[in-house]
file structure_18.txt (compact mmCIF, C-alpha atoms)
# COMPACT_ATOMS: atom_id res chain seq x y z
CA GLY A 9 -27.38 -23.73 -22.83
CA GLU A 10 -28.34 -20.62 -24.77
CA LEU A 11 -26.29 -17.49 -24.12
CA LEU A 12 -28.77 -14.82 -23.00
CA LEU A 13 -26.46 -11.95 -22.09
CA ARG A 14 -22.72 -11.37 -22.24
CA MET A 15 -21.36 -9.16 -19.46
CA ASP A 16 -17.93 -7.90 -18.47
CA PHE A 17 -16.65 -6.85 -15.04
CA GLY A 18 -14.10 -4.13 -14.43
CA PRO A 19 -11.04 -4.75 -12.26
CA PHE A 20 -13.00 -3.68 -9.16
CA GLY A 21 -16.21 -5.59 -9.80
CA GLU A 22 -18.28 -2.95 -11.60
CA ARG A 23 -20.55 -4.46 -14.26
CA ARG A 24 -19.98 -3.31 -17.85
CA GLU A 25 -21.62 -4.39 -21.05
CA ALA A 26 -19.31 -6.36 -23.30
CA ASN A 27 -19.57 -3.72 -26.07
CA ASP A 28 -18.19 -1.03 -23.77
CA PRO A 29 -15.52 0.82 -25.84
CA ARG A 30 -13.10 0.71 -22.89
CA ILE A 31 -12.70 -3.05 -23.25
CA ALA A 32 -13.23 -3.69 -26.94
CA GLY A 33 -10.82 -6.38 -28.11
CA ASP A 34 -9.17 -6.73 -24.73
CA VAL A 35 -11.36 -9.29 -22.97
CA PRO A 36 -11.66 -12.89 -24.14
CA SER A 37 -15.19 -14.16 -24.60
CA LEU A 38 -14.55 -17.13 -22.30
CA THR A 39 -12.08 -17.49 -19.44
CA THR A 40 -11.59 -19.82 -16.49
CA LYS A 41 -11.47 -16.86 -14.08
CA GLY A 42 -14.72 -15.05 -14.80
CA PHE A 43 -14.36 -12.22 -17.27
CA THR A 44 -11.16 -10.28 -16.67
CA GLY A 45 -9.36 -12.68 -14.35
CA HIS A 46 -8.90 -10.06 -11.63
CA GLU A 47 -12.36 -8.71 -10.82
CA MET A 48 -11.76 -8.41 -7.09
CA VAL A 49 -8.28 -6.84 -7.08
CA ASP A 50 -8.24 -3.99 -4.55
CA GLY A 51 -5.20 -2.33 -6.08
CA LEU A 52 -1.63 -2.71 -7.24
CA ASP A 53 1.61 -1.60 -5.60
CA VAL A 54 4.67 -0.96 -7.76
CA ALA A 55 8.31 -0.21 -7.03
CA SER A 56 9.80 0.75 -10.41
CA LEU A 57 8.96 2.56 -13.63
CA ARG A 58 8.64 -0.74 -15.50
CA GLU A 59 6.29 -2.17 -12.89
CA MET A 60 4.22 1.00 -13.12
CA GLN A 61 3.93 0.61 -16.89
CA VAL A 62 2.81 -3.01 -16.51
CA ALA A 63 0.26 -2.04 -13.84
CA LEU A 64 -1.18 0.75 -15.98
CA GLY A 65 -1.51 -1.67 -18.89
CA SER A 66 -3.42 -4.20 -16.77
CA GLY A 67 -6.71 -2.36 -16.80
CA VAL A 68 -6.51 -1.27 -13.15
CA ALA A 69 -7.42 2.40 -12.74
CA PRO A 70 -4.49 4.72 -11.89
CA ASP A 71 -6.15 5.82 -8.63
CA HIS A 72 -5.92 2.19 -7.46
CA ILE A 73 -2.15 2.00 -8.08
CA SER A 74 0.51 3.15 -5.62
CA PHE A 75 4.27 3.60 -6.03
CA ALA A 76 6.28 2.50 -2.99
CA GLY A 77 9.92 2.25 -2.00
CA PRO A 78 12.76 4.59 -0.98
CA ALA A 79 15.09 6.46 -3.34
CA LYS A 80 12.64 6.82 -6.23
CA GLN A 81 14.31 8.44 -9.22
CA PRO A 82 13.04 11.74 -10.68
CA VAL A 83 11.99 10.03 -13.91
CA GLU A 84 9.90 7.57 -11.87
CA LEU A 85 8.28 10.35 -9.89
CA ALA A 86 7.51 12.28 -13.07
CA GLY A 87 5.92 9.20 -14.62
CA ALA A 88 3.80 8.60 -11.54
CA VAL A 89 2.52 12.19 -11.47
CA ALA A 90 1.72 12.12 -15.18
CA ALA A 91 -0.18 8.84 -14.80
CA GLY A 92 -2.13 10.01 -11.75
CA ILE A 93 -1.06 7.21 -9.43
CA THR A 94 -0.39 7.66 -5.72
CA VAL A 95 3.22 8.04 -4.60
CA ASN A 96 4.05 6.79 -1.11
CA VAL A 97 6.46 9.55 -0.17
CA GLU A 98 9.48 8.25 1.74
CA SER A 99 11.34 11.48 2.52
CA GLU A 100 11.11 15.25 2.61
CA LEU A 101 13.45 15.42 -0.39
CA GLU A 102 11.12 13.19 -2.37
CA LEU A 103 8.20 15.45 -1.42
CA ALA A 104 10.11 18.54 -2.60
CA ARG A 105 10.88 16.83 -5.92
CA LEU A 106 7.20 16.02 -6.37
CA VAL A 107 6.28 19.67 -5.82
CA ASP A 108 8.70 20.72 -8.58
CA ILE A 109 7.39 18.01 -10.93
CA ALA A 110 3.76 18.95 -10.23
CA ARG A 111 4.48 22.59 -11.03
CA ALA A 112 6.27 21.64 -14.24
CA GLN A 113 3.42 19.36 -15.35
CA GLY A 114 0.66 21.70 -14.25
CA GLN A 115 -1.17 19.09 -12.19
CA PRO A 116 -1.05 18.06 -8.53
CA ALA A 117 0.80 14.93 -7.46
CA ARG A 118 -1.23 12.30 -5.61
CA VAL A 119 0.70 11.48 -2.45
CA ALA A 120 0.49 9.41 0.71
CA LEU A 121 3.06 10.09 3.40
CA ARG A 122 5.03 7.03 4.48
CA ILE A 123 5.43 7.46 8.23
CA ASN A 124 8.28 6.05 10.28
CA PRO A 125 6.25 5.56 13.48
CA ASP A 126 7.57 6.30 16.93
CA PHE A 127 6.83 2.74 18.00
CA GLU A 128 7.96 -0.67 16.77
CA LEU A 129 6.26 -3.96 16.00
CA LYS A 130 7.64 -6.23 18.71
CA SER A 131 8.93 -9.69 17.75
CA SER A 132 9.03 -8.80 14.04
CA GLY A 133 11.57 -10.14 11.58
CA MET A 134 12.30 -6.64 10.29
CA LYS A 135 11.49 -3.52 12.29
CA MET A 136 10.38 -0.43 10.33
CA GLY A 137 9.63 1.91 13.20
CA GLY A 138 10.68 2.97 16.68
CA GLY A 139 13.98 4.54 15.69
CA SER A 140 16.15 5.53 12.76
CA ARG A 141 14.98 3.42 9.81
CA PRO A 142 15.56 3.52 6.05
CA PHE A 143 11.83 3.83 5.38
CA GLY A 144 9.53 6.81 5.75
CA ILE A 145 9.44 10.24 7.36
CA ASP A 146 9.92 10.35 11.13
CA ALA A 147 6.53 10.79 12.83
CA GLU A 148 7.62 13.86 14.79
CA ARG A 149 8.45 15.71 11.54
CA VAL A 150 5.11 15.04 9.87
CA PRO A 151 2.96 17.76 11.58
CA ALA A 152 5.18 20.53 10.18
CA LEU A 153 5.06 18.93 6.73
CA LEU A 154 1.27 18.74 6.83
CA ALA A 155 1.07 22.42 7.75
CA SER A 156 3.25 23.38 4.79
CA LEU A 157 1.59 21.27 2.07
CA ASP A 158 0.59 23.23 -1.03
CA PRO A 159 -2.79 21.84 -2.23
CA GLN A 160 -2.12 23.24 -5.70
CA CYS A 161 0.83 20.88 -6.03
CA LEU A 162 0.06 17.98 -3.69
CA ASP A 163 -3.15 15.98 -3.43
CA LEU A 164 -2.78 14.31 -0.03
CA ARG A 165 -4.52 10.94 -0.12
CA GLY A 166 -3.48 9.70 3.31
CA PHE A 167 -0.78 7.86 5.21
CA HIS A 168 1.24 4.66 4.94
CA ILE A 169 2.24 3.48 8.43
CA PHE A 170 4.16 0.19 8.56
CA ALA A 171 5.92 -0.76 11.79
CA GLY A 172 7.44 -4.13 10.86
CA SER A 173 7.17 -7.41 9.00
CA GLN A 174 7.27 -11.19 9.45
CA ASN A 175 5.50 -11.35 12.81
CA LEU A 176 4.00 -14.51 14.29
CA GLN A 177 2.67 -12.99 17.53
CA ALA A 178 -1.00 -11.98 17.39
CA GLN A 179 -0.77 -9.78 20.49
CA ALA A 180 2.20 -7.86 19.09
CA LEU A 181 0.26 -7.18 15.89
CA ILE A 182 -2.79 -6.07 17.87
CA GLU A 183 -0.72 -3.61 19.90
CA ALA A 184 0.92 -2.25 16.74
CA HIS A 185 -2.44 -1.86 14.97
CA ASN A 186 -3.86 0.00 17.97
CA GLN A 187 -0.91 2.40 17.94
CA THR A 188 -1.09 2.75 14.15
CA PHE A 189 -4.75 3.77 14.20
CA ASP A 190 -4.09 6.21 17.03
CA LEU A 191 -1.18 7.79 15.13
CA ALA A 192 -3.26 8.00 11.93
CA ARG A 193 -6.10 9.68 13.85
CA ARG A 194 -3.77 12.28 15.38
CA LEU A 195 -2.14 13.06 12.04
CA ALA A 196 -5.47 13.15 10.22
CA LEU A 197 -6.64 15.93 12.55
CA MET A 198 -3.65 17.99 11.36
CA ALA A 199 -4.14 17.26 7.64
CA PRO A 200 -5.30 20.12 5.37
CA ARG A 201 -8.13 17.96 3.98
CA PRO A 202 -9.96 14.78 5.03
CA VAL A 203 -7.76 11.71 4.87
CA ARG A 204 -9.07 9.15 2.37
CA GLU A 205 -6.60 6.29 2.74
CA VAL A 206 -4.63 4.71 5.57
CA ASN A 207 -2.31 1.85 4.63
CA ILE A 208 -1.35 -0.02 7.79
CA GLY A 209 1.12 -2.31 6.06
CA GLY A 210 0.93 -5.94 7.00
CA GLY A 211 3.43 -7.63 9.25
CA LEU A 212 1.66 -11.00 8.99
CA GLY A 213 4.36 -13.62 9.24
CA ILE A 214 4.66 -17.23 8.17
CA PRO A 215 6.68 -19.92 10.00
CA TYR A 216 9.99 -20.39 8.20
CA PHE A 217 11.72 -22.69 10.67
CA PRO A 218 10.80 -25.91 12.50
CA GLY A 219 8.99 -25.28 15.77
CA GLU A 220 7.73 -21.83 14.84
CA PRO A 221 3.97 -21.45 15.48
CA ALA A 222 1.60 -20.31 12.77
CA LEU A 223 0.08 -16.88 13.25
CA ASP A 224 -3.42 -16.97 14.73
CA LEU A 225 -5.33 -14.48 12.58
CA ALA A 226 -8.64 -14.63 14.47
CA PRO A 227 -7.77 -12.20 17.32
CA VAL A 228 -6.01 -9.89 14.87
CA ALA A 229 -9.12 -9.77 12.67
CA ARG A 230 -11.41 -9.15 15.64
CA ASN A 231 -9.28 -6.23 16.78
CA LEU A 232 -9.25 -4.71 13.29
CA GLU A 233 -13.04 -4.97 13.15
CA ARG A 234 -13.20 -3.14 16.48
CA LEU A 235 -10.85 -0.42 15.27
CA LEU A 236 -12.73 0.08 12.02
CA ALA A 237 -16.10 0.17 13.78
CA GLY A 238 -14.95 2.90 16.14
CA ARG A 239 -12.73 4.94 13.87
CA CYS A 240 -12.72 8.70 14.31
CA ASP A 241 -14.53 11.10 11.99
CA ALA A 242 -11.12 12.53 11.16
CA TYR A 243 -10.70 9.79 8.59
CA SER A 244 -14.21 8.38 8.30
CA SER A 245 -14.21 8.96 4.55
CA GLY A 246 -11.09 6.90 4.09
CA VAL A 247 -10.13 3.36 3.28
CA SER A 248 -7.98 1.28 5.61
CA ALA A 249 -5.85 -1.32 3.87
CA LEU A 250 -3.68 -4.14 5.15
CA SER A 251 -1.10 -5.75 2.89
CA SER A 252 -0.60 -9.48 3.34
CA PHE A 253 1.31 -10.72 0.30
CA ARG A 254 3.90 -12.66 2.31
CA PHE A 255 1.22 -14.32 4.43
CA VAL A 256 -0.86 -15.36 1.42
CA GLN A 257 1.92 -16.34 -0.98
CA GLY A 258 4.81 -17.17 1.34
CA GLU A 259 4.59 -20.94 1.10
CA LYS A 260 4.70 -20.89 -2.72
CA LYS A 261 8.46 -21.08 -2.95
CA ASP A 262 8.60 -21.05 -6.75
CA ASP A 263 7.05 -17.57 -6.81
CA PHE A 264 10.13 -16.04 -5.19
CA THR A 265 13.69 -15.44 -6.32
CA LEU A 266 16.71 -15.42 -4.02
CA LEU A 267 18.77 -12.34 -4.89
CA PRO A 268 22.56 -12.26 -4.42
CA ASP A 269 22.64 -8.72 -3.02
CA VAL A 270 21.83 -7.24 0.36
CA ILE A 271 19.97 -3.96 -0.06
CA SER A 272 19.07 -3.23 3.56
CA LYS A 273 21.09 -1.05 5.91
CA GLU A 274 20.89 -3.91 8.37
CA PRO A 275 22.69 -7.28 7.95
CA LEU A 276 19.61 -9.36 7.17
CA GLY A 277 21.28 -11.79 4.80
CA PRO A 278 20.13 -12.53 1.22
CA VAL A 279 17.17 -10.59 -0.06
CA VAL A 280 14.06 -12.43 -1.19
CA ARG A 281 11.97 -10.87 -3.91
call {"tool": "encode", "arguments": {"input": "structure_18.txt", "output": "structure tokens"}}
result
Amino acid sequence: GELLLRMDFGPFGERREANDPRIAGDVPSLTTKGFTGHEMVDGLDVASLREMQVALGSGVAPDHISFAGPAKQPVELAGAVAAGITVNVESELELARLVDIARAQGQPARVALRINPDFELKSSGMKMGGGSRPFGIDAERVPALLASLDPQCLDLRGFHIFAGSQNLQAQALIEAHNQTFDLARRLALMAPRPVREVNIGGGLGIPYFPGEPALDLAPVARNLERLLAGRCDAYSSGVSALSSFRFVQGEKKDDFTLLPDVISKEPLGPVVR
């Protein structure tokens, strides 16, 4: 039929006219995936400087990109601050480096504190809370950090609280989510400004071995709806996010590479990336 109007959609679904200077020459006139191919992407998570550069070149706004992972290098932190993306801070040393970088660049660093919670996700393949772990700042140390944050150097976006991964037990996930929301609420009341984002990780597992049951998502979803409906005003302006890459993509074996190295402090065997 006759083409009446040509429209473009931004990465997050906003409608833009096709002659918008932000997209000139970048969007094909016809695609099999709508207009940009990723209209409903909520955000991107990166773990290296190269990944950050690719993400920034994808058209996704910097405030929808986060930088995760322990032991980030100073050059990576500097690049993240300059680009205006959110850094999931894994340690007090990393936070101190970000303060120095923010002062040197003359702009605040966007940060979310990665919390090592004082509880664990039971029956999970890898536990990331409830004791000494390689990820995040211990929950009991966070109140003092929040009290000392310099708003001229650090723009606190929220918290990243991830208790474990690869879990097939709905009740265990429900208990962990309840504790996660409670911890986020308590910390939000101590924050120097309203918390805008709470990343509760994922933990959604897939059955790898014969006889393992598939995760029943229905009760998990119902509990999350309950938690979101009754969330405290302490973070009512925020966004709660749940990451589920493994659950969604896990059965597509060709999308993963088996690495020869073990990078965890625990003997988990080969690392899958």
call {"tool": "closest_residue", "arguments": {"input": "structure_18.txt", "among": "A:Arg234, A:Asn175, A:Ala180, A:Asp146", "to": "Pro215 of chain A", "atoms": "only C-alpha atoms"}}
result
A:Asn175
call {"tool": "closest_residue", "arguments": {"input": "structure_18.txt", "among": "A:Ala199, A:Ala184, A:Leu52, A:Leu103", "to": "Gly65 of chain A", "atoms": "all atoms listed in the file"}}
result
A:Leu52
call {"tool": "atom_distance", "arguments": {"input": "structure_18.txt", "atom1": "atom CA of Gly213 of chain A", "atom2": "atom CA of Gln187 of chain A"}}
result
19.0 Å
call {"tool": "atom_distance", "arguments": {"input": "structure_18.txt", "atom1": "atom CA of Pro125 of chain A", "atom2": "atom CA of Arg58 of chain A"}}
result
29.8 Å
call {"tool": "closest_residue", "arguments": {"input": "structure_18.txt", "among": "A:Ile145, A:Leu212, A:Ala152, A:Val54", "to": "Asn124 of chain A", "atoms": "only C-alpha atoms"}}
result
A:Ile145
call {"tool": "residues_around", "arguments": {"input": "structure_18.txt", "residues": "Leu225 of chain A", "least_positions_apart": "3", "cutoff": "12 Å", "atoms": "only C-alpha atoms", "output": "PyMOL selection string"}}
result
chain A and resi 175-182+210-214+221-222+228-232+252+255
